[in-house]
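my_file_10.pdb follows; it contains PDB, C-alpha atoms.
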ATOM      1  CA  MET A   1       0.000   0.000   0.000
ATOM      2  CA  GLU A   2       2.494   2.604   1.176
ATOM      3  CA  ASP A   3       5.627   2.513  -0.905
ATOM      4  CA  LYS A   4       7.246   5.513   0.719
ATOM      5  CA  LYS A   5       9.273   4.665   3.817
ATOM      6  CA  HIS A   6       7.794   6.346   6.883
ATOM      7  CA  HIS A   7      10.319   8.097   9.091
ATOM      8  CA  ILE A   8      10.471   6.653  12.600
ATOM      9  CA  SER A   9      11.704   8.913  15.400
ATOM     10  CA  SER A  10      14.212   7.074  17.569
ATOM     11  CA  PHE A  11      13.606   6.730  21.321
ATOM     12  CA  ASN A  12      16.929   8.452  21.962
ATOM     13  CA  SER A  13      16.131  11.534  19.905
ATOM     14  CA  LEU A  14      12.750  11.904  21.640
ATOM     15  CA  LEU A  15      14.459  11.563  25.021
ATOM     16  CA  MET A  16      17.027  14.214  24.086
ATOM     17  CA  VAL A  17      14.233  16.618  23.092
ATOM     18  CA  LEU A  18      12.500  15.956  26.424
ATOM     19  CA  ILE A  19      15.701  16.698  28.351
ATOM     20  CA  GLY A  20      16.089  19.920  26.362
ATOM     21  CA  LEU A  21      12.525  20.900  27.271
ATOM     22  CA  PHE A  22      13.209  20.182  30.975
ATOM     23  CA  ILE A  23      16.368  22.297  30.927
ATOM     24  CA  MET A  24      14.539  25.243  29.342
ATOM     25  CA  THR A  25      11.716  24.943  31.891
ATOM     26  CA  GLY A  26      14.355  25.085  34.637
ATOM     27  CA  ILE A  27      15.985  28.169  33.121
ATOM     28  CA  SER A  28      12.679  30.025  32.735
ATOM     29  CA  VAL A  29      11.746  29.279  36.371
ATOM     30  CA  MET A  30      15.162  30.457  37.615
ATOM     31  CA  ILE A  31      15.167  33.612  35.488
ATOM     32  CA  THR A  32      11.753  34.734  36.692
ATOM     33  CA  GLU A  33      12.829  34.176  40.322
ATOM     34  CA  ILE A  34      15.137  37.152  39.814
ATOM     35  CA  HIS A  35      12.655  39.942  39.134
ATOM     36  CA  PHE A  36      13.623  41.822  36.003
ATOM     37  CA  SER A  37       9.943  42.585  35.206
ATOM     38  CA  THR A  38       9.786  43.389  31.471
ATOM     39  CA  PHE A  39      13.020  41.570  30.734
ATOM     40  CA  SER A  40      11.852  38.352  32.416
ATOM     41  CA  VAL A  41       8.523  38.453  30.523
ATOM     42  CA  GLY A  42      10.475  38.596  27.265
ATOM     43  CA  VAL A  43      12.870  35.817  28.237
ATOM     44  CA  ALA A  44      10.048  33.590  29.544
ATOM     45  CA  LEU A  45       8.120  34.012  26.288
ATOM     46  CA  LEU A  46      11.245  33.469  24.183
ATOM     47  CA  LEU A  47      12.001  30.215  26.028
ATOM     48  CA  ALA A  48       8.347  29.164  25.676
ATOM     49  CA  SER A  49       8.578  29.801  21.932
ATOM     50  CA  ILE A  50      11.704  27.639  21.634
ATOM     51  CA  LYS A  51       9.960  24.887  23.633
ATOM     52  CA  GLY A  52       6.902  25.187  21.391
ATOM     53  CA  TYR A  53       9.141  24.961  18.329
ATOM     54  CA  LEU A  54      10.744  21.761  19.648
ATOM     55  CA  VAL A  55       7.332  20.193  20.366
ATOM     56  CA  LEU A  56       6.046  21.070  16.875
ATOM     57  CA  THR A  57       9.220  19.960  15.094
ATOM     58  CA  TYR A  58      10.071  16.719  16.854
ATOM     59  CA  PHE A  59       7.098  15.511  18.941
ATOM     60  CA  MET A  60       4.528  16.532  16.327
ATOM     61  CA  HIS A  61       6.854  15.173  13.656
ATOM     62  CA  LEU A  62       6.679  18.254  11.384
ATOM     63  CA  LYS A  63      10.354  17.920  10.506
ATOM     64  CA  TYR A  64       9.778  14.613   8.744
ATOM     65  CA  ASP A  65       6.207  14.959   7.429
ATOM     66  CA  GLU A  66       5.212  16.411   4.062
ATOM     67  CA  PRO A  67       6.357  20.070   3.745
ATOM     68  CA  ILE A  68       2.740  21.227   3.331
ATOM     69  CA  PHE A  69       2.141  20.693   7.077
ATOM     70  CA  ARG A  70       5.089  22.913   7.980
ATOM     71  CA  ILE A  71       3.872  25.615   5.597
ATOM     72  CA  MET A  72       0.334  25.483   7.037
ATOM     73  CA  VAL A  73       1.542  25.723  10.641
ATOM     74  CA  PHE A  74       3.857  28.601   9.753
ATOM     75  CA  LEU A  75       1.038  30.520   8.030
ATOM     76  CA  ILE A  76      -1.355  29.969  10.961
ATOM     77  CA  LEU A  77       1.214  31.200  13.487
ATOM     78  CA  LEU A  78       1.907  34.187  11.215
ATOM     79  CA  LEU A  79      -1.820  34.917  11.054
ATOM     80  CA  PHE A  80      -2.007  34.805  14.860
ATOM     81  CA  ALA A  81       0.955  37.190  15.128
ATOM     82  CA  ILE A  82      -0.782  39.572  12.716
ATOM     83  CA  VAL A  83      -4.011  39.434  14.754
ATOM     84  CA  ILE A  84      -2.075  40.297  17.932
ATOM     85  CA  GLY A  85      -0.132  43.036  16.148
ATOM     86  CA  ILE A  86      -3.214  44.712  14.673
ATOM     87  CA  THR A  87      -5.082  44.542  18.001
ATOM     88  CA  PHE A  88      -2.213  46.278  19.775
ATOM     89  CA  ILE A  89      -1.852  48.911  17.075
ATOM     90  CA  ASP A  90      -5.558  49.634  17.625
ATOM     91  CA  TYR A  91      -5.095  49.890  21.413
ATOM     92  CA  LEU A  92      -1.983  52.017  21.264
ATOM     93  CA  LEU A  93      -3.358  54.537  18.761
ATOM     94  CA  ARG A  94      -6.747  55.006  20.377
TER      95      ARG A  94
ATOM     96  CA  MET B   1      -6.957  -7.452  -6.318
ATOM     97  CA  SER B   2      -8.617  -5.437  -3.634
ATOM     98  CA  HIS B   3      -7.027  -2.117  -2.973
ATOM     99  CA  GLU B   4      -8.065  -0.494   0.254
ATOM    100  CA  PHE B   5      -8.173   3.273  -0.047
ATOM    101  CA  ASN B   6      -6.250   4.776   2.784
ATOM    102  CA  ASP B   7      -5.384   8.462   2.747
ATOM    103  CA  ASP B   8      -3.222   8.970   5.811
ATOM    104  CA  VAL B   9      -1.973  12.378   4.665
ATOM    105  CA  GLY B  10      -5.586  13.546   4.270
ATOM    106  CA  LYS B  11      -6.498  12.255   7.728
ATOM    107  CA  LYS B  12      -3.521  13.990   9.238
ATOM    108  CA  MET B  13      -4.359  17.216   7.417
ATOM    109  CA  GLY B  14      -7.899  17.092   8.814
ATOM    110  CA  MET B  15      -6.425  16.748  12.309
ATOM    111  CA  TRP B  16      -4.075  19.675  11.757
ATOM    112  CA  ILE B  17      -6.878  21.922  10.507
ATOM    113  CA  PHE B  18      -8.864  21.024  13.636
ATOM    114  CA  ILE B  19      -5.777  21.836  15.731
ATOM    115  CA  PHE B  20      -5.607  25.269  14.059
ATOM    116  CA  THR B  21      -9.169  26.008  15.207
ATOM    117  CA  GLU B  22      -8.115  24.975  18.721
ATOM    118  CA  LEU B  23      -5.084  27.269  18.543
ATOM    119  CA  PHE B  24      -7.351  30.189  17.715
ATOM    120  CA  LEU B  25      -9.791  29.256  20.475
ATOM    121  CA  PHE B  26      -6.953  29.596  22.993
ATOM    122  CA  GLY B  27      -5.319  32.334  20.924
ATOM    123  CA  GLY B  28      -8.342  34.559  21.468
ATOM    124  CA  LEU B  29      -7.983  34.116  25.222
ATOM    125  CA  PHE B  30      -4.252  34.845  25.033
ATOM    126  CA  LEU B  31      -5.127  38.022  23.157
ATOM    127  CA  VAL B  32      -7.592  39.068  25.881
ATOM    128  CA  TYR B  33      -4.892  38.304  28.465
ATOM    129  CA  ALA B  34      -2.317  40.426  26.604
ATOM    130  CA  VAL B  35      -4.632  43.427  26.261
ATOM    131  CA  PHE B  36      -5.800  43.376  29.888
ATOM    132  CA  ARG B  37      -2.287  42.788  31.118
ATOM    133  CA  ALA B  38      -1.169  45.895  29.241
ATOM    134  CA  ASN B  39      -4.045  47.896  30.785
ATOM    135  CA  TYR B  40      -3.921  46.516  34.349
ATOM    136  CA  THR B  41      -0.247  45.655  34.812
ATOM    137  CA  GLU B  42      -0.219  46.148  38.596
ATOM    138  CA  GLY B  43      -3.319  44.031  39.246
ATOM    139  CA  PHE B  44      -1.972  41.194  37.094
ATOM    140  CA  HIS B  45       1.347  41.326  38.960
ATOM    141  CA  SER B  46      -0.160  41.012  42.421
ATOM    142  CA  ALA B  47      -2.755  38.391  41.395
ATOM    143  CA  ALA B  48      -0.218  36.178  39.591
ATOM    144  CA  ALA B  49       1.926  36.226  42.747
ATOM    145  CA  ASP B  50      -0.906  34.321  44.491
ATOM    146  CA  LEU B  51      -0.426  31.304  42.206
ATOM    147  CA  ASP B  52       1.864  28.515  43.347
ATOM    148  CA  ALA B  53       4.774  28.448  40.884
ATOM    149  CA  PHE B  54       5.872  25.060  42.262
ATOM    150  CA  VAL B  55       2.598  23.343  41.321
ATOM    151  CA  GLY B  56       2.771  25.014  37.909
ATOM    152  CA  THR B  57       6.332  23.816  37.347
ATOM    153  CA  LEU B  58       5.464  20.301  38.483
ATOM    154  CA  ASN B  59       2.544  20.183  36.043
ATOM    155  CA  THR B  60       4.787  21.482  33.250
ATOM    156  CA  VAL B  61       7.282  18.678  33.847
ATOM    157  CA  ILE B  62       4.435  16.133  33.946
ATOM    158  CA  LEU B  63       2.924  17.327  30.650
ATOM    159  CA  LEU B  64       6.274  17.533  28.841
ATOM    160  CA  ALA B  65       7.111  13.980  29.935
ATOM    161  CA  SER B  66       3.676  12.718  28.845
ATOM    162  CA  SER B  67       4.161  14.345  25.449
ATOM    163  CA  ALA B  68       7.442  12.449  25.050
ATOM    164  CA  THR B  69       5.891   9.119  26.104
ATOM    165  CA  VAL B  70       3.036   9.403  23.592
ATOM    166  CA  ALA B  71       5.595  10.157  20.840
ATOM    167  CA  MET B  72       7.536   7.079  21.997
ATOM    168  CA  SER B  73       4.389   4.944  21.820
ATOM    169  CA  ILE B  74       4.089   5.882  18.113
ATOM    170  CA  THR B  75       7.740   4.898  17.584
ATOM    171  CA  ALA B  76       7.082   1.563  19.317
ATOM    172  CA  VAL B  77       4.016   0.840  17.141
ATOM    173  CA  GLN B  78       5.935   1.728  13.975
ATOM    174  CA  LYS B  79       8.669  -0.680  15.026
ATOM    175  CA  GLY B  80       6.026  -3.371  15.512
ATOM    176  CA  ASN B  81       6.393  -3.539  19.285
ATOM    177  CA  ASN B  82       2.755  -3.156  20.333
ATOM    178  CA  LYS B  83       3.410  -4.318  23.902
ATOM    179  CA  LEU B  84       5.877  -1.498  24.480
ATOM    180  CA  ALA B  85       3.479   0.958  22.804
ATOM    181  CA  LEU B  86       0.712  -0.062  25.238
ATOM    182  CA  ARG B  87       3.049   0.591  28.165
ATOM    183  CA  PHE B  88       3.926   4.037  26.852
ATOM    184  CA  ILE B  89       0.231   4.899  26.409
ATOM    185  CA  ILE B  90      -0.502   3.751  29.975
ATOM    186  CA  VAL B  91       2.340   5.918  31.310
ATOM    187  CA  THR B  92       0.948   8.877  29.326
ATOM    188  CA  VAL B  93      -2.527   8.380  30.797
ATOM    189  CA  ILE B  94      -1.109   8.083  34.331
ATOM    190  CA  LEU B  95       0.833  11.340  33.852
ATOM    191  CA  ALA B  96      -2.322  13.020  32.516
ATOM    192  CA  LEU B  97      -4.249  11.890  35.601
ATOM    193  CA  ALA B  98      -1.429  13.157  37.849
ATOM    194  CA  PHE B  99      -1.773  16.528  36.099
ATOM    195  CA  MET B 100      -5.510  16.569  36.833
ATOM    196  CA  VAL B 101      -4.984  15.605  40.498
ATOM    197  CA  ASN B 102      -2.556  18.517  40.870
ATOM    198  CA  LYS B 103      -5.054  20.819  39.193
ATOM    199  CA  TYR B 104      -7.783  19.608  41.560
ATOM    200  CA  PHE B 105      -5.719  20.474  44.622
ATOM    201  CA  GLU B 106      -4.602  23.766  43.110
ATOM    202  CA  TRP B 107      -8.144  24.924  42.335
ATOM    203  CA  GLY B 108      -9.380  23.487  45.650
ATOM    204  CA  HIS B 109      -6.832  25.573  47.530
ATOM    205  CA  LYS B 110      -7.983  28.717  45.662
ATOM    206  CA  PHE B 111     -11.603  27.920  46.534
ATOM    207  CA  ASP B 112     -10.648  27.490  50.207
ATOM    208  CA  LEU B 113      -9.197  30.997  50.096
ATOM    209  CA  LYS B 114     -12.500  32.122  48.547
ATOM    210  CA  LEU B 115     -10.681  33.198  45.408
ATOM    211  CA  TYR B 116     -13.235  32.350  42.755
ATOM    212  CA  PRO B 117     -15.349  34.506  40.453
ATOM    213  CA  GLY B 118     -18.259  36.077  42.324
ATOM    214  CA  SER B 119     -16.957  35.453  45.858
ATOM    215  CA  GLU B 120     -17.103  38.259  48.435
ATOM    216  CA  ILE B 121     -13.307  38.432  48.740
ATOM    217  CA  MET B 122     -12.956  38.572  44.974
ATOM    218  CA  GLU B 123     -15.357  41.503  44.712
ATOM    219  CA  GLN B 124     -13.164  43.571  47.023
ATOM    220  CA  LEU B 125     -10.117  43.091  44.787
ATOM    221  CA  GLY B 126      -9.098  45.523  42.080
ATOM    222  CA  LYS B 127     -10.212  45.211  38.474
ATOM    223  CA  GLY B 128      -6.857  43.782  37.355
ATOM    224  CA  GLU B 129      -6.964  40.994  39.966
ATOM    225  CA  ILE B 130     -10.554  40.088  39.080
ATOM    226  CA  LEU B 131      -9.664  39.941  35.382
ATOM    227  CA  PHE B 132      -6.563  37.859  36.073
ATOM    228  CA  PHE B 133      -8.451  35.262  38.111
ATOM    229  CA  GLY B 134     -11.277  35.193  35.577
ATOM    230  CA  LEU B 135      -8.774  34.439  32.827
ATOM    231  CA  TYR B 136      -6.899  31.996  35.057
ATOM    232  CA  TYR B 137     -10.038  29.907  35.640
ATOM    233  CA  MET B 138     -11.198  30.212  32.035
ATOM    234  CA  MET B 139      -7.871  29.296  30.428
ATOM    235  CA  THR B 140      -6.689  26.564  32.803
ATOM    236  CA  GLY B 141     -10.267  25.196  32.924
ATOM    237  CA  LEU B 142     -10.556  25.026  29.140
ATOM    238  CA  HIS B 143      -7.099  23.470  29.069
ATOM    239  CA  ALA B 144      -8.102  20.873  31.684
ATOM    240  CA  LEU B 145     -11.142  19.990  29.553
ATOM    241  CA  HIS B 146      -8.729  19.303  26.695
ATOM    242  CA  VAL B 147      -6.642  17.099  28.992
ATOM    243  CA  ILE B 148      -9.765  15.024  29.734
ATOM    244  CA  ILE B 149     -10.619  14.722  26.017
ATOM    245  CA  GLY B 150      -6.990  13.782  25.347
ATOM    246  CA  VAL B 151      -7.170  10.999  27.948
ATOM    247  CA  VAL B 152     -10.320   9.625  26.267
ATOM    248  CA  LEU B 153      -8.549   9.627  22.871
ATOM    249  CA  LEU B 154      -5.514   7.909  24.404
ATOM    250  CA  MET B 155      -7.730   5.241  25.993
ATOM    251  CA  ILE B 156      -9.390   4.554  22.616
ATOM    252  CA  SER B 157      -5.913   4.350  21.059
ATOM    253  CA  TYR B 158      -4.903   1.898  23.776
ATOM    254  CA  PHE B 159      -7.689  -0.505  22.843
ATOM    255  CA  LYS B 160      -7.024  -0.039  19.127
ATOM    256  CA  VAL B 161      -3.368  -0.963  19.621
ATOM    257  CA  LYS B 162      -4.400  -3.879  21.828
ATOM    258  CA  ASN B 163      -6.801  -5.420  19.303
ATOM    259  CA  GLY B 164      -4.452  -4.718  16.401
ATOM    260  CA  THR B 165      -6.552  -2.098  14.577
ATOM    261  CA  VAL B 166      -3.570   0.176  15.083
ATOM    262  CA  ASN B 167      -0.415  -1.633  13.953
ATOM    263  CA  SER B 168       2.961  -1.051  12.282
ATOM    264  CA  GLN B 169       1.204  -0.535   8.918
ATOM    265  CA  LYS B 170      -1.778   1.534  10.075
ATOM    266  CA  PHE B 171      -1.077   3.905  12.907
ATOM    267  CA  ILE B 172      -2.746   7.161  11.836
ATOM    268  CA  PHE B 173      -5.319   7.013  14.672
ATOM    269  CA  LEU B 174      -2.559   6.880  17.274
ATOM    270  CA  GLU B 175      -0.629   9.593  15.410
ATOM    271  CA  ASN B 176      -3.645  11.927  15.392
ATOM    272  CA  SER B 177      -4.397  11.226  19.065
ATOM    273  CA  GLY B 178      -0.738  12.017  19.697
ATOM    274  CA  LEU B 179      -1.062  15.296  17.777
ATOM    275  CA  TYR B 180      -4.031  16.241  19.962
ATOM    276  CA  TRP B 181      -2.038  15.417  23.076
ATOM    277  CA  HIS B 182       0.930  17.501  21.875
ATOM    278  CA  LEU B 183      -1.488  20.393  21.297
ATOM    279  CA  VAL B 184      -2.491  20.169  24.974
ATOM    280  CA  ASP B 185       1.209  20.300  25.849
ATOM    281  CA  PHE B 186       1.895  23.144  23.382
ATOM    282  CA  ILE B 187      -0.825  25.355  24.904
ATOM    283  CA  TRP B 188       0.410  24.659  28.429
ATOM    284  CA  ILE B 189       3.952  25.691  27.397
ATOM    285  CA  PHE B 190       2.574  29.225  26.915
ATOM    286  CA  LEU B 191       0.019  29.175  29.741
ATOM    287  CA  PHE B 192       2.655  28.248  32.319
ATOM    288  CA  PRO B 193       4.964  31.301  32.070
ATOM    289  CA  LEU B 194       2.080  33.741  31.550
ATOM    290  CA  MET B 195       0.087  32.531  34.567
ATOM    291  CA  TYR B 196       2.672  31.295  37.054
ATOM    292  CA  LEU B 197       6.058  32.794  36.261
ATOM    293  CA  VAL B 198       5.583  36.345  35.049
ATOM    294  CA  THR B 199       4.534  37.903  38.335
TER     295      THR B 199
END
What would you get if you wrote out this structure as structure tokens?
Amino acid sequence: MEDKKHHISSFNSLLMVLIGLFIMTGISVMITEIHFSTFSVGVALLLASIKGYLVLTYFMHLKYDEPIFRIMVFLILLLFAIVIGITFIDYLLR
Amino acid sequence: MSHEFNDDVGKKMGMWIFIFTELFLFGGLFLVYAVFRANYTEGFHSAAADLDAFVGTLNTVILLASSATVAMSITAVQKGNNKLALRFIIVTVILALAFMVNKYFEWGHKFDLKLYPGSEIMEQLGKGEILFFGLYYMMTGLHALHVIIGVVLLMISYFKVKNGTVNSQKFIFLENSGLYWHLVDFIWIFLFPLMYLVT
């Protein structure tokens, strides 16, 4: 039925990604313990974005699936960014 | 020669499109959070300080681990090791239940302190605090509902792997259940810093 070989993620690579996610969780907790207010919000969100990227790429298998899935996810995230951007432009210029 | 039509890419695309609608469901709430946070910075600061960062961190670790185990269960099925896959799914479900138990105690503690929408103590708080707790209950509650749905999907996957409907040739049901479970994890990755860390 399926002639194309399906990529199988190895247990080791999944484990490495998990360890990476744990380390970044640790860093974001430690950084927000020191109160830098605006700076720590930025860093926490940056780390969350990297973690989200890892989950999408490796756990959700986007790296190895058909490119169309990657393109769709990228466009949806772009659309969300635009929605946030336009809302804030509206609020700031009121 | 019988040729069974099986469009796994189409099935996966359907799941992804559904996931996009879910992202915008939560995305709308994140947008509300961002706007109110910008308008009531002080209230959000003091209200977020009331949340227990330890419980939040513990639940983050639990969800990340469960996301890895469900991915591993797919690997096991693809390698033809259904027994190992079943174990990974069980571990995932146990972690999901641990998450819910934590959530139960966390919300229960808030209720003991009379910090819930409409309580007398809540009404005496500032607008920012009220908005923060409203969003906290709405967003973590909606997320918890997704955890429950995810557990149901994982249980169905468990039985499908057990009776062989999901096997090393046909595993799209488990893959799509896994995608749903990763979505639950993905949303929590952003909920966690915004609710618990950024005080």
| message | Using all atoms listed in the file, which protein or nucleic acid residues come within 12 Å of Leu56 of chain A? Drop anything in the same chain fewer than 6 positions from it, and give the result as a PyMOL selection string. | response | (chain A and resi 17+49-50+62-65+69-70+73-74+77) or (chain B and resi 16+19+67-68+71+178-187+189)
Could you dump the residues just selected with C-alpha atoms as a PDB file, in the coordinates of the input?
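Contents of part35.pdb, as written:
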ATOM      1  CA  VAL A  17      14.233  16.618  23.092  1.00  0.00           C
ATOM      2  CA  SER A  49       8.578  29.801  21.932  1.00  0.00           C
ATOM      3  CA  ILE A  50      11.704  27.639  21.634  1.00  0.00           C
ATOM      4  CA  LEU A  62       6.679  18.254  11.384  1.00  0.00           C
ATOM      5  CA  LYS A  63      10.354  17.920  10.506  1.00  0.00           C
ATOM      6  CA  TYR A  64       9.778  14.613   8.744  1.00  0.00           C
ATOM      7  CA  ASP A  65       6.207  14.959   7.429  1.00  0.00           C
ATOM      8  CA  PHE A  69       2.141  20.693   7.077  1.00  0.00           C
ATOM      9  CA  ARG A  70       5.089  22.913   7.980  1.00  0.00           C
ATOM     10  CA  VAL A  73       1.542  25.723  10.641  1.00  0.00           C
ATOM     11  CA  PHE A  74       3.857  28.601   9.753  1.00  0.00           C
ATOM     12  CA  LEU A  77       1.214  31.200  13.487  1.00  0.00           C
TER      13      LEU A  77
ATOM     14  CA  TRP B  16      -4.075  19.675  11.757  1.00  0.00           C
ATOM     15  CA  ILE B  19      -5.777  21.836  15.731  1.00  0.00           C
ATOM     16  CA  SER B  67       4.161  14.345  25.449  1.00  0.00           C
ATOM     17  CA  ALA B  68       7.442  12.449  25.050  1.00  0.00           C
ATOM     18  CA  ALA B  71       5.595  10.157  20.840  1.00  0.00           C
ATOM     19  CA  GLY B 178      -0.738  12.017  19.697  1.00  0.00           C
ATOM     20  CA  LEU B 179      -1.062  15.296  17.777  1.00  0.00           C
ATOM     21  CA  TYR B 180      -4.031  16.241  19.962  1.00  0.00           C
ATOM     22  CA  TRP B 181      -2.038  15.417  23.076  1.00  0.00           C
ATOM     23  CA  HIS B 182       0.930  17.501  21.875  1.00  0.00           C
ATOM     24  CA  LEU B 183      -1.488  20.393  21.297  1.00  0.00           C
ATOM     25  CA  VAL B 184      -2.491  20.169  24.974  1.00  0.00           C
ATOM     26  CA  ASP B 185       1.209  20.300  25.849  1.00  0.00           C
ATOM     27  CA  PHE B 186       1.895  23.144  23.382  1.00  0.00           C
ATOM     28  CA  ILE B 187      -0.825  25.355  24.904  1.00  0.00           C
ATOM     29  CA  ILE B 189       3.952  25.691  27.397  1.00  0.00           C
TER      30      ILE B 189
END
| request: Check the smallest atom-to-atom distance from each of B:Leu174, B:Leu194, B:Ala49, B:Leu154 to Asp8 of chain B using only C-alpha atoms, then report the winner. | output: B:Leu174
| For atom CA of Ser177 of chain B and atom CA of Leu153 of chain B, the interatomic separation in Å (one decimal) |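 Computed distance, atom CA of Ser177 of chain B to atom CA of Leu153 of chain B, equals 5.9 Å.
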| What separation in Å, quoted to one decimal, exists between atom CA of Ile17 of chain B and atom CA of Ile68 of chain A? | 12.0 Å
| query | Nearest to chain B: which of A:Ala81, A:Ala44, A:Leu75, A:Phe39 is it, counting all atoms listed in the file? | reply |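 Of all the options, A:Ala44 lies closest to chain B.
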| request: Convert the output of the ChimeraX specification (/B :<7) & /A on the shown file into explicit residues, formatted as a PyMOL selection string. | output: chain A and resi 8-11+14+18+22+29+32+41+44+48+52+55+59-60+84
With C-alpha atoms retained, write the just-selected residues as a CSV table (one decimal), in the coordinates of the input.
chain,number,residue,atom,x,y,z
A,8,ILE,CA,10.5,6.7,12.6
A,9,SER,CA,11.7,8.9,15.4
A,10,SER,CA,14.2,7.1,17.6
A,11,PHE,CA,13.6,6.7,21.3
A,14,LEU,CA,12.8,11.9,21.6
A,18,LEU,CA,12.5,16.0,26.4
A,22,PHE,CA,13.2,20.2,31.0
A,29,VAL,CA,11.7,29.3,36.4
A,32,THR,CA,11.8,34.7,36.7
A,41,VAL,CA,8.5,38.5,30.5
A,44,ALA,CA,10.0,33.6,29.5
A,48,ALA,CA,8.3,29.2,25.7
A,52,GLY,CA,6.9,25.2,21.4
A,55,VAL,CA,7.3,20.2,20.4
A,59,PHE,CA,7.1,15.5,18.9
A,60,MET,CA,4.5,16.5,16.3
A,84,ILE,CA,-2.1,40.3,17.9
| Which value, in Å to one decimal, gives the distance between atom CA of Tyr40 of chain B and atom CA of Phe88 of chain A? |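 Interatomic distance, atom CA of Tyr40 of chain B to atom CA of Phe88 of chain A: 14.7 Å.
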Evaluate the PyMOL selection byres ((chain B and resi 44) around 8) against this structure - the residues, as a compact mmCIF listing (two decimals) with C-alpha atoms, in the frame of the given file, please.
# COMPACT_ATOMS: atom_id res chain seq x y z
CA ARG B 37 -2.29 42.79 31.12
CA TYR B 40 -3.92 46.52 34.35
CA THR B 41 -0.25 45.66 34.81
CA GLU B 42 -0.22 46.15 38.60
CA GLY B 43 -3.32 44.03 39.25
CA HIS B 45 1.35 41.33 38.96
CA SER B 46 -0.16 41.01 42.42
CA ALA B 47 -2.76 38.39 41.40
CA ALA B 48 -0.22 36.18 39.59
CA GLY B 128 -6.86 43.78 37.35
CA GLU B 129 -6.96 40.99 39.97
CA LEU B 131 -9.66 39.94 35.38
CA PHE B 132 -6.56 37.86 36.07
CA THR B 199 4.53 37.90 38.34
| field | Nearest candidate to Leu25 of chain B (options B:Asn82, B:Lys11, B:His143, B:Met195; using only C-alpha atoms) | value | B:His143
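Of the residues under consideration (B:Gly56, B:Gly164, B:Gly150, B:Gly134), B:Gly134 shows the shortest atom-to-atom contact distance to Leu115 of chain B when counting only C-alpha atoms.
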| Taking all atoms listed in the file into account, which of B:Val55, B:Ile121, B:Leu135, B:Met155 comes nearest Phe173 of chain B? |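 Once distances to Phe173 of chain B are computed over all atoms listed in the file, the minimum belongs to B:Met155.
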| message | So that I can see what lies close to Val152 of chain B, please list as a PyMOL selection string the residues with an atom at most 12 Å from it, counting only C-alpha atoms and leaving out residues fewer than 4 positions away in the same chain. | response | chain B and resi 89+92-93+96-97+145-148+156-159+177-178+180-181
Let's have the selection written as an mmCIF file, in the frame of the given file, with C-alpha atoms.
data_model
loop_
_atom_site.group_PDB
_atom_site.id
_atom_site.type_symbol
_atom_site.label_atom_id
_atom_site.label_comp_id
_atom_site.auth_asym_id
_atom_site.auth_seq_id
_atom_site.Cartn_x
_atom_site.Cartn_y
_atom_site.Cartn_z
ATOM 1 C CA ILE B 89 0.231 4.899 26.409
ATOM 2 C CA THR B 92 0.948 8.877 29.326
ATOM 3 C CA VAL B 93 -2.527 8.380 30.797
ATOM 4 C CA ALA B 96 -2.322 13.020 32.516
ATOM 5 C CA LEU B 97 -4.249 11.890 35.601
ATOM 6 C CA LEU B 145 -11.142 19.990 29.553
ATOM 7 C CA HIS B 146 -8.729 19.303 26.695
ATOM 8 C CA VAL B 147 -6.642 17.099 28.992
ATOM 9 C CA ILE B 148 -9.765 15.024 29.734
ATOM 10 C CA ILE B 156 -9.390 4.554 22.616
ATOM 11 C CA SER B 157 -5.913 4.350 21.059
ATOM 12 C CA TYR B 158 -4.903 1.898 23.776
ATOM 13 C CA PHE B 159 -7.689 -0.505 22.843
ATOM 14 C CA SER B 177 -4.397 11.226 19.065
ATOM 15 C CA GLY B 178 -0.738 12.017 19.697
ATOM 16 C CA TYR B 180 -4.031 16.241 19.962
ATOM 17 C CA TRP B 181 -2.038 15.417 23.076
#
| said: With distances taken over only C-alpha atoms, which residue among A:Leu47, A:Leu93, A:Thr57, A:Thr87 lies nearest Gly26 of chain A? | reply: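 Using only C-alpha atoms, Gly26 of chain A sits closest to A:Leu47.
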Within 12 Å of His109 of chain B using all atoms listed in the file, minus same-chain residues under 4 positions, as a CSV table (one decimal) with C-alpha atoms, keeping the file's coordinate frame:
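This went into part-v2.csv:
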chain,number,residue,atom,x,y,z
B,50,ASP,CA,-0.9,34.3,44.5
B,51,LEU,CA,-0.4,31.3,42.2
B,52,ASP,CA,1.9,28.5,43.3
B,55,VAL,CA,2.6,23.3,41.3
B,102,ASN,CA,-2.6,18.5,40.9
B,103,LYS,CA,-5.1,20.8,39.2
B,104,TYR,CA,-7.8,19.6,41.6
B,105,PHE,CA,-5.7,20.5,44.6
B,113,LEU,CA,-9.2,31.0,50.1
B,114,LYS,CA,-12.5,32.1,48.5
B,115,LEU,CA,-10.7,33.2,45.4
B,116,TYR,CA,-13.2,32.4,42.8
Please return the centre and edge lengths, in Å to one decimal, of a box with edges along x, y and z that contains all listed atoms of segment 2-16 of chain B, widened by 3 Å on every side, as JSON.
{"center_x": -5.3, "center_y": 7.1, "center_z": 4.3, "size_x": 12.6, "size_y": 31.1, "size_z": 21.9}
